[in-house]
>>> print(open('query.cif').read())   # mmCIF, C-alpha atoms and all ligand atoms
data_data
loop_
_atom_site.group_PDB
_atom_site.id
_atom_site.type_symbol
_atom_site.label_atom_id
_atom_site.label_comp_id
_atom_site.auth_asym_id
_atom_site.auth_seq_id
_atom_site.Cartn_x
_atom_site.Cartn_y
_atom_site.Cartn_z
ATOM 1 C CA MET A 1 -80.788 -88.719 -21.135
ATOM 2 C CA ASN A 2 -78.959 -87.884 -17.902
ATOM 3 C CA THR A 3 -80.926 -85.038 -16.341
ATOM 4 C CA SER A 4 -78.892 -84.728 -13.101
ATOM 5 C CA SER A 5 -76.446 -81.835 -12.924
ATOM 6 C CA ALA A 6 -73.609 -80.957 -10.551
ATOM 7 C CA ASN A 7 -75.914 -78.467 -8.842
ATOM 8 C CA GLU A 8 -78.476 -81.166 -7.991
ATOM 9 C CA GLU A 9 -75.873 -83.647 -6.674
ATOM 10 C CA LYS A 10 -76.358 -84.279 -2.938
ATOM 11 C CA ILE A 11 -73.000 -84.303 -1.168
ATOM 12 C CA ASP A 12 -72.528 -84.463 2.609
ATOM 13 C CA ILE A 13 -69.436 -82.270 2.607
ATOM 14 C CA PHE A 14 -68.768 -82.681 6.343
ATOM 15 C CA SER A 15 -68.465 -86.464 5.962
ATOM 16 C CA LYS A 16 -65.561 -86.009 3.550
ATOM 17 C CA GLU A 17 -61.900 -86.315 4.458
ATOM 18 C CA VAL A 18 -60.204 -83.079 5.531
ATOM 19 C CA LEU A 19 -56.939 -83.074 3.626
ATOM 20 C CA ILE A 20 -55.471 -79.842 4.996
ATOM 21 C CA SER A 21 -56.799 -78.258 8.177
ATOM 22 C CA ARG A 22 -57.297 -74.532 8.712
ATOM 23 C CA GLU A 23 -54.394 -74.545 11.224
ATOM 24 C CA GLU A 24 -52.042 -76.162 8.700
ATOM 25 C CA ILE A 25 -53.114 -73.654 6.066
ATOM 26 C CA TYR A 26 -52.602 -70.728 8.448
ATOM 27 C CA SER A 27 -49.107 -71.753 9.391
ATOM 28 C CA ARG A 28 -47.978 -72.512 5.810
ATOM 29 C CA VAL A 29 -49.446 -69.264 4.464
ATOM 30 C CA GLU A 30 -47.642 -67.388 7.244
ATOM 31 C CA GLN A 31 -44.340 -69.038 6.205
ATOM 32 C CA LEU A 32 -44.961 -68.181 2.559
ATOM 33 C CA GLY A 33 -45.660 -64.570 3.529
ATOM 34 C CA HIS A 34 -42.335 -64.340 5.344
ATOM 35 C CA GLU A 35 -40.456 -65.991 2.486
ATOM 36 C CA ILE A 36 -41.988 -63.698 -0.147
ATOM 37 C CA SER A 37 -41.380 -60.607 2.016
ATOM 38 C CA ALA A 38 -37.711 -61.553 2.356
ATOM 39 C CA ASP A 39 -37.331 -62.182 -1.388
ATOM 40 C CA TYR A 40 -38.916 -58.850 -2.367
ATOM 41 C CA GLN A 41 -37.291 -56.738 0.355
ATOM 42 C CA GLY A 42 -36.887 -53.113 -0.833
ATOM 43 C CA ARG A 43 -39.253 -53.626 -3.767
ATOM 44 C CA GLU A 44 -42.950 -53.017 -4.335
ATOM 45 C CA LEU A 45 -44.830 -56.169 -5.195
ATOM 46 C CA HIS A 46 -47.815 -56.383 -7.532
ATOM 47 C CA LEU A 47 -49.913 -59.385 -6.551
ATOM 48 C CA VAL A 48 -52.295 -60.719 -9.166
ATOM 49 C CA GLY A 49 -54.919 -62.984 -7.637
ATOM 50 C CA VAL A 50 -56.520 -65.475 -9.993
ATOM 51 C CA LEU A 51 -60.287 -65.460 -9.497
ATOM 52 C CA ASN A 52 -62.300 -67.076 -8.288
ATOM 53 C CA GLY A 53 -60.322 -69.801 -6.553
ATOM 54 C CA ALA A 54 -57.458 -67.752 -5.093
ATOM 55 C CA PHE A 55 -59.524 -65.096 -3.327
ATOM 56 C CA MET A 56 -59.144 -66.568 0.173
ATOM 57 C CA PHE A 57 -55.495 -67.524 -0.225
ATOM 58 C CA LEU A 58 -54.558 -64.059 -1.484
ATOM 59 C CA ALA A 59 -56.496 -62.357 1.317
ATOM 60 C CA ASP A 60 -54.645 -64.420 3.939
ATOM 61 C CA LEU A 61 -51.256 -64.205 2.236
ATOM 62 C CA VAL A 62 -51.185 -60.391 2.110
ATOM 63 C CA ARG A 63 -51.794 -60.286 5.862
ATOM 64 C CA HIS A 64 -48.398 -61.924 6.302
ATOM 65 C CA LEU A 65 -46.457 -59.653 3.950
ATOM 66 C CA SER A 66 -44.229 -56.970 5.396
ATOM 67 C CA ILE A 67 -43.468 -55.216 2.106
ATOM 68 C CA PRO A 68 -45.556 -52.625 0.237
ATOM 69 C CA CYS A 69 -47.835 -54.224 -2.303
ATOM 70 C CA HIS A 70 -50.541 -53.584 -4.852
ATOM 71 C CA ILE A 71 -53.372 -56.068 -5.085
ATOM 72 C CA CYS A 72 -55.226 -56.768 -8.281
ATOM 73 C CA PHE A 73 -57.111 -59.638 -9.857
ATOM 74 C CA MET A 74 -57.646 -61.444 -13.100
ATOM 75 C CA HIS A 75 -60.275 -64.004 -13.964
ATOM 76 C CA ALA A 76 -59.395 -67.406 -15.377
ATOM 77 C CA SER A 77 -61.722 -70.265 -16.116
ATOM 78 C CA SER A 78 -61.234 -73.722 -17.522
ATOM 79 C CA TYR A 79 -63.683 -75.918 -15.587
ATOM 80 C CA LYS A 80 -67.373 -75.771 -16.396
ATOM 81 C CA ASP A 81 -69.138 -77.139 -13.298
ATOM 82 C CA GLN A 82 -67.159 -80.336 -13.725
ATOM 83 C CA ARG A 83 -64.234 -82.088 -12.107
ATOM 84 C CA VAL A 84 -62.191 -82.202 -15.275
ATOM 85 C CA SER A 85 -60.787 -79.265 -17.176
ATOM 86 C CA SER A 86 -62.471 -78.253 -20.404
ATOM 87 C CA GLY A 87 -58.943 -77.718 -21.764
ATOM 88 C CA GLU A 88 -59.842 -74.230 -22.908
ATOM 89 C CA VAL A 89 -58.559 -71.375 -20.730
ATOM 90 C CA ILE A 90 -60.365 -68.053 -20.817
ATOM 91 C CA LEU A 91 -58.592 -65.073 -19.225
ATOM 92 C CA MET A 92 -60.132 -61.704 -18.381
ATOM 93 C CA HIS A 93 -58.317 -58.720 -16.912
ATOM 94 C CA ASN A 94 -57.581 -55.070 -17.241
ATOM 95 C CA LEU A 95 -54.021 -55.047 -15.877
ATOM 96 C CA ASP A 96 -51.057 -52.836 -16.674
ATOM 97 C CA LEU A 97 -47.969 -54.509 -15.263
ATOM 98 C CA SER A 98 -45.243 -53.025 -17.417
ATOM 99 C CA GLY A 99 -42.000 -52.681 -15.428
ATOM 100 C CA LYS A 100 -43.590 -54.086 -12.246
ATOM 101 C CA ASP A 101 -42.516 -56.930 -9.980
ATOM 102 C CA VAL A 102 -45.444 -59.311 -10.351
ATOM 103 C CA LEU A 103 -46.469 -62.333 -8.318
ATOM 104 C CA VAL A 104 -49.385 -64.366 -9.655
ATOM 105 C CA VAL A 105 -51.324 -65.992 -6.805
ATOM 106 C CA GLU A 106 -53.244 -69.109 -7.836
ATOM 107 C CA ASP A 107 -55.218 -71.735 -5.926
ATOM 108 C CA ILE A 108 -53.895 -74.903 -7.557
ATOM 109 C CA PHE A 109 -51.274 -75.980 -10.054
ATOM 110 C CA ASP A 110 -52.930 -79.002 -11.654
ATOM 111 C CA THR A 111 -52.030 -79.654 -15.299
ATOM 112 C CA GLY A 112 -50.392 -76.213 -15.451
ATOM 113 C CA LEU A 113 -52.355 -75.188 -18.512
ATOM 114 C CA THR A 114 -54.007 -72.230 -16.791
ATOM 115 C CA LEU A 115 -50.750 -70.964 -15.276
ATOM 116 C CA LYS A 116 -48.952 -71.298 -18.592
ATOM 117 C CA HIS A 117 -51.625 -69.211 -20.311
ATOM 118 C CA ILE A 118 -51.520 -66.622 -17.542
ATOM 119 C CA SER A 119 -47.752 -66.466 -17.581
ATOM 120 C CA GLU A 120 -47.557 -66.052 -21.370
ATOM 121 C CA ASP A 121 -50.326 -63.447 -21.327
ATOM 122 C CA LEU A 122 -48.734 -61.342 -18.561
ATOM 123 C CA GLN A 123 -45.223 -61.609 -20.064
ATOM 124 C CA LEU A 124 -46.578 -59.672 -23.051
ATOM 125 C CA GLN A 125 -46.896 -56.676 -20.725
ATOM 126 C CA LYS A 126 -43.145 -56.782 -20.040
ATOM 127 C CA PRO A 127 -43.139 -56.845 -16.236
ATOM 128 C CA ASN A 128 -39.791 -56.355 -14.486
ATOM 129 C CA SER A 129 -40.226 -59.808 -12.971
ATOM 130 C CA LEU A 130 -42.962 -62.432 -12.996
ATOM 131 C CA GLU A 131 -43.253 -65.279 -10.506
ATOM 132 C CA ILE A 132 -46.030 -67.629 -9.489
ATOM 133 C CA CYS A 133 -47.275 -68.709 -6.082
ATOM 134 C CA ALA A 134 -49.758 -71.598 -5.891
ATOM 135 C CA LEU A 135 -51.323 -72.870 -2.687
ATOM 136 C CA LEU A 136 -51.512 -76.460 -3.959
ATOM 137 C CA ASN A 137 -49.451 -78.500 -6.376
ATOM 138 C CA LYS A 138 -51.179 -81.644 -7.611
ATOM 139 C CA LYS A 139 -48.836 -84.553 -8.273
ATOM 140 C CA ILE A 140 -49.841 -85.703 -11.736
ATOM 141 C CA PRO A 141 -47.774 -86.979 -14.647
ATOM 142 C CA ASP A 142 -47.312 -84.872 -17.779
ATOM 143 C CA LYS A 143 -47.674 -81.428 -16.284
ATOM 144 C CA VAL A 144 -47.254 -78.455 -18.589
ATOM 145 C CA GLN A 145 -43.809 -76.879 -18.151
ATOM 146 C CA VAL A 146 -44.269 -73.774 -16.034
ATOM 147 C CA GLU A 147 -42.128 -72.577 -13.159
ATOM 148 C CA VAL A 148 -44.013 -72.120 -9.900
ATOM 149 C CA LYS A 149 -41.615 -70.517 -7.424
ATOM 150 C CA TYR A 150 -43.758 -70.697 -4.270
ATOM 151 C CA ILE A 151 -45.876 -73.731 -3.402
ATOM 152 C CA GLY A 152 -47.948 -74.184 -0.260
ATOM 153 C CA PHE A 153 -48.647 -77.919 -0.283
ATOM 154 C CA GLU A 154 -48.033 -80.922 -2.516
ATOM 155 C CA ILE A 155 -51.162 -83.073 -2.875
ATOM 156 C CA GLU A 156 -52.075 -86.322 -4.571
ATOM 157 C CA ASP A 157 -54.251 -86.386 -7.678
ATOM 158 C CA ARG A 158 -57.616 -85.963 -5.961
ATOM 159 C CA PHE A 159 -60.377 -83.429 -6.494
ATOM 160 C CA VAL A 160 -60.338 -80.931 -3.633
ATOM 161 C CA VAL A 161 -62.644 -78.147 -2.501
ATOM 162 C CA GLY A 162 -62.663 -75.474 0.185
ATOM 163 C CA TYR A 163 -60.514 -72.465 1.028
ATOM 164 C CA GLY A 164 -61.617 -70.819 -2.225
ATOM 165 C CA LEU A 165 -61.818 -73.948 -4.363
ATOM 166 C CA ASP A 166 -65.252 -74.945 -5.606
ATOM 167 C CA TYR A 167 -67.257 -77.693 -7.147
ATOM 168 C CA ALA A 168 -70.023 -76.159 -9.274
ATOM 169 C CA GLU A 169 -69.531 -72.865 -7.341
ATOM 170 C CA LYS A 170 -70.062 -74.573 -3.984
ATOM 171 C CA TYR A 171 -67.775 -75.092 -0.951
ATOM 172 C CA ARG A 172 -65.491 -72.080 -1.535
ATOM 173 C CA GLU A 173 -66.318 -70.834 1.973
ATOM 174 C CA LEU A 174 -64.860 -73.842 3.827
ATOM 175 C CA PRO A 175 -61.857 -72.824 5.967
ATOM 176 C CA HIS A 176 -60.044 -76.092 5.215
ATOM 177 C CA ILE A 177 -59.352 -78.240 2.146
ATOM 178 C CA THR A 178 -61.468 -81.338 1.697
ATOM 179 C CA CYS A 179 -61.356 -84.188 -0.817
ATOM 180 C CA LEU A 180 -64.553 -84.605 -2.747
ATOM 181 C CA ASP A 181 -63.778 -88.054 -4.114
HETATM 182 P P1 LIG B 1 -54.866 -76.519 -14.599
HETATM 183 O O1 LIG B 1 -55.008 -75.577 -15.750
HETATM 184 O O2 LIG B 1 -53.563 -76.378 -13.849
HETATM 185 O O3 LIG B 1 -55.165 -77.927 -14.977
HETATM 186 O O4 LIG B 1 -56.031 -76.172 -13.600
HETATM 187 C C1 LIG B 1 -56.060 -74.996 -12.937
HETATM 188 C C2 LIG B 1 -57.442 -74.680 -12.428
HETATM 189 O O5 LIG B 1 -58.296 -75.836 -12.387
HETATM 190 C C3 LIG B 1 -57.347 -74.206 -11.012
HETATM 191 O O6 LIG B 1 -57.185 -72.823 -10.971
HETATM 192 C C4 LIG B 1 -58.660 -74.646 -10.421
HETATM 193 O O7 LIG B 1 -59.616 -73.644 -10.607
HETATM 194 C C5 LIG B 1 -59.047 -75.869 -11.208
HETATM 195 N N1 LIG B 1 -58.733 -77.106 -10.488
HETATM 196 C C6 LIG B 1 -57.738 -77.989 -10.757
HETATM 197 N N2 LIG B 1 -57.741 -79.002 -9.873
HETATM 198 C C7 LIG B 1 -58.782 -78.762 -9.045
HETATM 199 C C8 LIG B 1 -59.296 -79.441 -7.874
HETATM 200 O O8 LIG B 1 -58.825 -80.484 -7.418
HETATM 201 N N3 LIG B 1 -60.368 -78.842 -7.292
HETATM 202 C C9 LIG B 1 -60.946 -77.696 -7.740
HETATM 203 N N4 LIG B 1 -61.979 -77.227 -7.061
HETATM 204 N N5 LIG B 1 -60.463 -77.028 -8.805
HETATM 205 C C10 LIG B 1 -59.397 -77.553 -9.431
#
>>> encode(input="query.cif", output="structure tokens")
Amino acid sequence: MNTSSANEEKIDIFSKEVLISREEIYSRVEQLGHEISADYQGRELHLVGVLNGAFMFLADLVRHLSIPCHICFMHASSYKDQRVSSGEVILMHNLDLSGKDVLVVEDIFDTGLTLKHISEDLQLQKPNSLEICALLNKKIPDKVQVEVKYIGFEIEDRFVVGYGLDYAEKYRELPHITCLD
């Protein structure tokens, strides 16, 4: 029986390759903030951060918005302390977005399964508009069809942590994005 778990794994995180530095993240998030502000000029934007992974991205993004906005969160989970998705997406929220201009803010667009579930779930509330912003877009074949209007960075198919992204609830606090593999 394999008794080791992700929590017991010893990883020297600072020996791993930094894929995207904090400076690169800052400047791209600033650009995204300007782009989103221009697109929603004259409107009030409802940002829905997807917990837990998008907490840092959302916090930085709103600092670069120059339009009035409401900030709320939903919880989505599909990974269970592993590096591969369980395939089952569980959503939790208490949102009322009817008639609102909504922007979902997510950490990473991997297979797209999570974003598709979120999008279908929030569409049921009949928002005035619904768009998605993801910090990372992983280049993998056979992605689920979902339109992500704003993307921070395109990355290869590698498992990344930092800047909100975890492995077994660790490494979310890193200010940059690191490859774990
Ligand atoms: P999808 O449903 O698009 O396959 O996966 C979306 C979720 O899986 C993301 O919100 C994120 O929590 C998790 N995820 C996907 N790829 C990675 C990765 O490379 N690193 C980490 N830490 N999480 C990932």
>>> residues_near_ligand(input="query.cif", ligand="ligand LIG 1 (chain B)", cutoff="7 Å", atoms="all atoms listed in the file", output="PyMOL selection string")
chain A and resi 53+77-79+83+85+106-115+158-161+165-167
>>> atom_distance(input="query.cif", atom1="atom CA of Glu17 of chain A", atom2="atom CA of Asn137 of chain A")
18.3 Å
>>> residues_around(input="query.cif", residues="Val29 of chain A", least_positions_apart="4", cutoff="8 Å", atoms="only C-alpha atoms", output="ChimeraX atom specification")
/A:25,33,57,60-61,64,152
>>> closest_residue(input="query.cif", among="A:Gln125, A:Gly99, A:His46, A:Lys16", to="Phe73 of chain A", atoms="all atoms listed in the file")
A:His46
>>> resolve_selection(input="query.cif", expression="the PyMOL selection byres (((chain A and resi 34-43) around 9) and not hetatm)", output="ChimeraX atom specification")
/A:29-33,44-45,64-69,101,150
>>> atom_distance(input="query.cif", atom1="atom CA of Leu122 of chain A", atom2="atom CA of Ile90 of chain A")
13.6 Å
>>> atom_distance(input="query.cif", atom1="atom CA of Leu103 of chain A", atom2="atom CA of His117 of chain A")
14.8 Å
>>> resolve_selection(input="query.cif", expression="the PyMOL selection byres (((chain A and resi 119) around 12) and not hetatm)", output="compact mmCIF listing (two decimals) with C-alpha atoms, in the coordinates of the input")
# COMPACT_ATOMS: atom_id res chain seq x y z
CA VAL A 48 -52.30 -60.72 -9.17
CA VAL A 50 -56.52 -65.47 -9.99
CA MET A 74 -57.65 -61.44 -13.10
CA ALA A 76 -59.40 -67.41 -15.38
CA LEU A 91 -58.59 -65.07 -19.23
CA VAL A 102 -45.44 -59.31 -10.35
CA LEU A 103 -46.47 -62.33 -8.32
CA VAL A 104 -49.38 -64.37 -9.65
CA VAL A 105 -51.32 -65.99 -6.80
CA GLU A 106 -53.24 -69.11 -7.84
CA GLY A 112 -50.39 -76.21 -15.45
CA LEU A 113 -52.36 -75.19 -18.51
CA THR A 114 -54.01 -72.23 -16.79
CA LEU A 115 -50.75 -70.96 -15.28
CA LYS A 116 -48.95 -71.30 -18.59
CA HIS A 117 -51.62 -69.21 -20.31
CA ILE A 118 -51.52 -66.62 -17.54
CA GLU A 120 -47.56 -66.05 -21.37
CA ASP A 121 -50.33 -63.45 -21.33
CA LEU A 122 -48.73 -61.34 -18.56
CA GLN A 123 -45.22 -61.61 -20.06
CA LEU A 124 -46.58 -59.67 -23.05
CA GLN A 125 -46.90 -56.68 -20.72
CA LYS A 126 -43.14 -56.78 -20.04
CA PRO A 127 -43.14 -56.84 -16.24
CA SER A 129 -40.23 -59.81 -12.97
CA LEU A 130 -42.96 -62.43 -13.00
CA GLU A 131 -43.25 -65.28 -10.51
CA ILE A 132 -46.03 -67.63 -9.49
CA CYS A 133 -47.28 -68.71 -6.08
CA GLN A 145 -43.81 -76.88 -18.15
CA VAL A 146 -44.27 -73.77 -16.03
CA GLU A 147 -42.13 -72.58 -13.16
CA VAL A 148 -44.01 -72.12 -9.90
>>> closest_residue(input="query.cif", among="A:Leu97, A:Asp12, A:Glu88, A:Asp157", to="Leu47 of chain A", atoms="all atoms listed in the file")
A:Leu97
>>> closest_residue(input="query.cif", among="A:Met56, A:Leu51, A:Ile13, A:Cys179", to="Leu135 of chain A", atoms="all atoms listed in the file")
A:Met56
>>> axis_aligned_box(input="query.cif", around="segment 116-131 of chain A", padding_each_side="6 Å", output="JSON")
{"center_x": -45.7, "center_y": -63.8, "center_z": -16.8, "size_x": 23.8, "size_y": 26.9, "size_z": 24.5}
>>> build_atoms(input="query.cif", residues="segment 85-104 of chain A", atoms="N, CA, C and O atoms", output="PDB file, in the coordinates of the input")
ATOM      1  N   SER A  85     -60.938 -80.519 -16.441  1.00  0.00           N
ATOM      2  CA  SER A  85     -60.787 -79.265 -17.176  1.00  0.00           C
ATOM      3  C   SER A  85     -61.383 -79.379 -18.573  1.00  0.00           C
ATOM      4  O   SER A  85     -61.313 -80.426 -19.205  1.00  0.00           O
ATOM      5  N   SER A  86     -61.949 -78.271 -19.039  1.00  0.00           N
ATOM      6  CA  SER A  86     -62.471 -78.253 -20.404  1.00  0.00           C
ATOM      7  C   SER A  86     -61.316 -78.162 -21.404  1.00  0.00           C
ATOM      8  O   SER A  86     -61.500 -78.367 -22.589  1.00  0.00           O
ATOM      9  N   GLY A  87     -60.115 -77.831 -20.899  1.00  0.00           N
ATOM     10  CA  GLY A  87     -58.943 -77.718 -21.764  1.00  0.00           C
ATOM     11  C   GLY A  87     -58.809 -76.346 -22.399  1.00  0.00           C
ATOM     12  O   GLY A  87     -57.758 -75.996 -22.915  1.00  0.00           O
ATOM     13  N   GLU A  88     -59.874 -75.568 -22.315  1.00  0.00           N
ATOM     14  CA  GLU A  88     -59.842 -74.230 -22.908  1.00  0.00           C
ATOM     15  C   GLU A  88     -59.737 -73.224 -21.754  1.00  0.00           C
ATOM     16  O   GLU A  88     -60.532 -73.272 -20.815  1.00  0.00           O
ATOM     17  N   VAL A  89     -58.745 -72.337 -21.813  1.00  0.00           N
ATOM     18  CA  VAL A  89     -58.559 -71.375 -20.730  1.00  0.00           C
ATOM     19  C   VAL A  89     -58.994 -69.985 -21.206  1.00  0.00           C
ATOM     20  O   VAL A  89     -58.508 -69.501 -22.229  1.00  0.00           O
ATOM     21  N   ILE A  90     -59.899 -69.392 -20.456  1.00  0.00           N
ATOM     22  CA  ILE A  90     -60.365 -68.053 -20.817  1.00  0.00           C
ATOM     23  C   ILE A  90     -59.879 -67.075 -19.743  1.00  0.00           C
ATOM     24  O   ILE A  90     -60.143 -67.282 -18.551  1.00  0.00           O
ATOM     25  N   LEU A  91     -59.136 -66.058 -20.164  1.00  0.00           N
ATOM     26  CA  LEU A  91     -58.592 -65.073 -19.225  1.00  0.00           C
ATOM     27  C   LEU A  91     -59.294 -63.730 -19.406  1.00  0.00           C
ATOM     28  O   LEU A  91     -59.554 -63.325 -20.549  1.00  0.00           O
ATOM     29  N   MET A  92     -59.560 -63.053 -18.309  1.00  0.00           N
ATOM     30  CA  MET A  92     -60.132 -61.704 -18.381  1.00  0.00           C
ATOM     31  C   MET A  92     -59.430 -60.812 -17.364  1.00  0.00           C
ATOM     32  O   MET A  92     -59.357 -61.179 -16.183  1.00  0.00           O
ATOM     33  N   HIS A  93     -58.926 -59.684 -17.846  1.00  0.00           N
ATOM     34  CA  HIS A  93     -58.317 -58.720 -16.912  1.00  0.00           C
ATOM     35  C   HIS A  93     -58.136 -57.374 -17.586  1.00  0.00           C
ATOM     36  O   HIS A  93     -58.287 -57.241 -18.804  1.00  0.00           O
ATOM     37  N   ASN A  94     -57.814 -56.414 -16.752  1.00  0.00           N
ATOM     38  CA  ASN A  94     -57.581 -55.070 -17.241  1.00  0.00           C
ATOM     39  C   ASN A  94     -56.313 -54.564 -16.557  1.00  0.00           C
ATOM     40  O   ASN A  94     -56.319 -53.510 -15.929  1.00  0.00           O
ATOM     41  N   LEU A  95     -55.231 -55.340 -16.654  1.00  0.00           N
ATOM     42  CA  LEU A  95     -54.021 -55.047 -15.877  1.00  0.00           C
ATOM     43  C   LEU A  95     -52.997 -54.296 -16.708  1.00  0.00           C
ATOM     44  O   LEU A  95     -52.910 -54.493 -17.924  1.00  0.00           O
ATOM     45  N   ASP A  96     -52.203 -53.472 -16.028  1.00  0.00           N
ATOM     46  CA  ASP A  96     -51.057 -52.836 -16.674  1.00  0.00           C
ATOM     47  C   ASP A  96     -49.851 -53.093 -15.771  1.00  0.00           C
ATOM     48  O   ASP A  96     -49.688 -52.442 -14.741  1.00  0.00           O
ATOM     49  N   LEU A  97     -49.036 -54.050 -16.153  1.00  0.00           N
ATOM     50  CA  LEU A  97     -47.969 -54.509 -15.263  1.00  0.00           C
ATOM     51  C   LEU A  97     -46.575 -54.219 -15.821  1.00  0.00           C
ATOM     52  O   LEU A  97     -45.585 -54.753 -15.329  1.00  0.00           O
ATOM     53  N   SER A  98     -46.527 -53.349 -16.791  1.00  0.00           N
ATOM     54  CA  SER A  98     -45.243 -53.025 -17.417  1.00  0.00           C
ATOM     55  C   SER A  98     -44.241 -52.496 -16.385  1.00  0.00           C
ATOM     56  O   SER A  98     -44.545 -51.557 -15.633  1.00  0.00           O
ATOM     57  N   GLY A  99     -43.070 -53.127 -16.330  1.00  0.00           N
ATOM     58  CA  GLY A  99     -42.000 -52.681 -15.428  1.00  0.00           C
ATOM     59  C   GLY A  99     -42.216 -53.054 -13.967  1.00  0.00           C
ATOM     60  O   GLY A  99     -41.419 -52.677 -13.105  1.00  0.00           O
ATOM     61  N   LYS A 100     -43.279 -53.772 -13.650  1.00  0.00           N
ATOM     62  CA  LYS A 100     -43.590 -54.086 -12.246  1.00  0.00           C
ATOM     63  C   LYS A 100     -43.029 -55.455 -11.847  1.00  0.00           C
ATOM     64  O   LYS A 100     -42.803 -56.326 -12.684  1.00  0.00           O
ATOM     65  N   ASP A 101     -42.847 -55.610 -10.527  1.00  0.00           N
ATOM     66  CA  ASP A 101     -42.516 -56.930  -9.980  1.00  0.00           C
ATOM     67  C   ASP A 101     -43.837 -57.617  -9.660  1.00  0.00           C
ATOM     68  O   ASP A 101     -44.575 -57.164  -8.777  1.00  0.00           O
ATOM     69  N   VAL A 102     -44.110 -58.700 -10.397  1.00  0.00           N
ATOM     70  CA  VAL A 102     -45.444 -59.311 -10.351  1.00  0.00           C
ATOM     71  C   VAL A 102     -45.381 -60.722  -9.748  1.00  0.00           C
ATOM     72  O   VAL A 102     -44.509 -61.518 -10.095  1.00  0.00           O
ATOM     73  N   LEU A 103     -46.320 -60.977  -8.861  1.00  0.00           N
ATOM     74  CA  LEU A 103     -46.469 -62.333  -8.318  1.00  0.00           C
ATOM     75  C   LEU A 103     -47.914 -62.773  -8.555  1.00  0.00           C
ATOM     76  O   LEU A 103     -48.852 -62.175  -8.015  1.00  0.00           O
ATOM     77  N   VAL A 104     -48.061 -63.797  -9.381  1.00  0.00           N
ATOM     78  CA  VAL A 104     -49.385 -64.366  -9.655  1.00  0.00           C
ATOM     79  C   VAL A 104     -49.728 -65.318  -8.507  1.00  0.00           C
ATOM     80  O   VAL A 104     -48.916 -66.163  -8.140  1.00  0.00           O
TER      81      VAL A 104
END
